[in-house]
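To keep things clear, I will list the structure first and then write my remarks on it.
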Amino acid sequence: MSDYLVKALAFQGNMRAYAVCSTKLVGEAQRRHDTWPTASAALGRALTATTMMAATLKGDEKLTVKIEGGGPIGAIITDANAKGEARGYVTNPHVHFELNRRGKLDVARAVGTNGFLSVAKDLGMKEMFTGQVPLVSGELGEDFTYYYVTSEQIPSSVGVGVLVNPDNSILAAGGFLIQVMPGASEEMIDFLERRLRHIPSISNMVENGLTPEEMLYTILDQKNVDILDRLPVTFKCTCSKERTERALIGLGKDEIRAMIEEDGKAEVVCHFCNETYHFDKSELEELMKVSPK
């Protein structure tokens, strides 16, 4: 199945619903960063949730999520835009533990619970919209749910899951985001809560071949769901050699000269996608000529 996201309304517009298959997106992140299974699950859950959050935006709007829980994987940084393009990394990709007592990858142990989840939204205005909440579980689904309820005052439920193959590649990844609008009745909310208690795990739904539409039907019942839109999802980084050149120019002539004298070359690695850009001596000399300082 190709990765894609669906946007929907439920109960005559009294709930907004999103679901995504993100297996290839998370798989590309795992390949680029060589994440070990527990780190893959943490990064994959964050990427999946960030992609769904960005789907609530419009046009060229985008957002960045930072998760710092004090655990051994360090910070997780993800960003995504309203077009379904996402990227992300984890500070320490080589982290893995034994399964937790529920037989699941121990994401909470890797992430930690002594820290914060922060969201910065670029809505094309002069200032960014920012929100921050303390981590409540480190499992991330609950933490994104808590963010929506606390920072944006939107009663929500976020489910994210990642399954990892024995060779460390990604078997399945996906998620859902359900948001309750002000007009929802108590009966609608009770129905949602009952369904959420009894649905299969999100990872199992994706592994069993459920499409994003079928995930929402499983949660909300097909008769209550109106699919509005479908959006391809992909791992895409905004880095390029040209952007890297501009960054090097911005360092100034003295810094570039030091690179030439010490190494005769430069190597710049993008944190988000692990792409490496090489600059030889002649290229650095050209950059030094146009550096304004």
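Identifiers in the structure tokens: chain A, B, ... in order shown; residue index from 1 per chain; ligand index from 1 in order shown.
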
If you count only C-alpha atoms, which residues fall within 8 Å of segment 157-159 of chain A, apart from same-chain ones fewer than 6 positions away, as a CSV table (one decimal) with N, CA and C atoms, in the first residue's frame?
```csv
chain,number,residue,atom,x,y,z
A,49,ALA,N,2.5,11.1,13.9
A,49,ALA,CA,1.6,12.1,14.5
A,49,ALA,C,1.8,13.5,13.9
A,141,GLY,N,1.6,8.6,21.7
A,141,GLY,CA,0.2,8.8,21.4
A,141,GLY,C,-0.5,9.6,22.5
A,142,GLU,N,-0.3,9.1,23.7
A,142,GLU,CA,-1.0,9.8,24.8
A,142,GLU,C,-0.4,11.3,25.0
A,144,PHE,N,0.7,13.3,22.5
A,144,PHE,CA,0.1,14.2,21.5
A,144,PHE,C,-1.4,14.4,21.9
A,145,THR,N,-2.1,13.4,22.4
A,145,THR,CA,-3.4,13.7,22.9
A,145,THR,C,-3.5,14.7,23.9
A,175,GLY,N,-1.4,5.7,11.9
A,175,GLY,CA,-2.0,6.4,13.0
A,175,GLY,C,-3.4,7.0,12.7
A,176,PHE,N,-4.0,7.5,13.7
A,176,PHE,CA,-5.3,8.2,13.6
A,176,PHE,C,-5.3,9.4,14.5
A,177,LEU,N,-6.1,10.4,14.2
A,177,LEU,CA,-6.4,11.6,15.0
A,177,LEU,C,-7.8,11.9,14.9
A,178,ILE,N,-8.5,11.8,16.0
A,178,ILE,CA,-9.9,12.1,16.1
A,178,ILE,C,-10.1,13.4,17.0
A,179,GLN,N,-10.8,14.4,16.5
A,179,GLN,CA,-11.0,15.6,17.3
A,179,GLN,C,-12.5,15.9,17.4
A,202,ILE,N,-3.3,0.2,16.5
A,202,ILE,CA,-3.1,0.8,15.2
A,202,ILE,C,-2.1,0.0,14.4
```

Exercise for review: Assign secondary structure with DSSP using the backbone only, and return the residues of segment 71-281 of chain A in strand (DSSP E or B) as a PyMOL selection string.
Suggested key: chain A and resi 76-81+85-90+116-122+129-134+156-164+170-180+225-232+234-235+265-269+276-280

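Take the candidates A:Asn14, A:Thr234, A:Thr56, A:Thr150 and check each one against Gly84 of chain A using only C-alpha atoms; the shortest distance goes to A:Thr234.
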
Practice item. Find, counting only C-alpha atoms, the residue in A:Arg32, A:Lys121, A:Arg45, A:Lys126 that gets nearest to Leu163 of chain A. Key: A:Arg45

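Nearest to Ala55 of chain A of all the residues A:Ile73, A:Leu99, A:Val233, A:Leu210 is A:Val233, based on only C-alpha atoms.
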
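Proximity ranking of A:Ala10, A:Met181, A:Val160, A:Met128 relative to Ala46 of chain A places A:Val160 first, based on only C-alpha atoms.
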
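Minimum distance to Pro292 of chain A across A:Asp143, A:Asp254, A:Asp280, A:Glu275 (counting only C-alpha atoms) occurs at A:Asp254.
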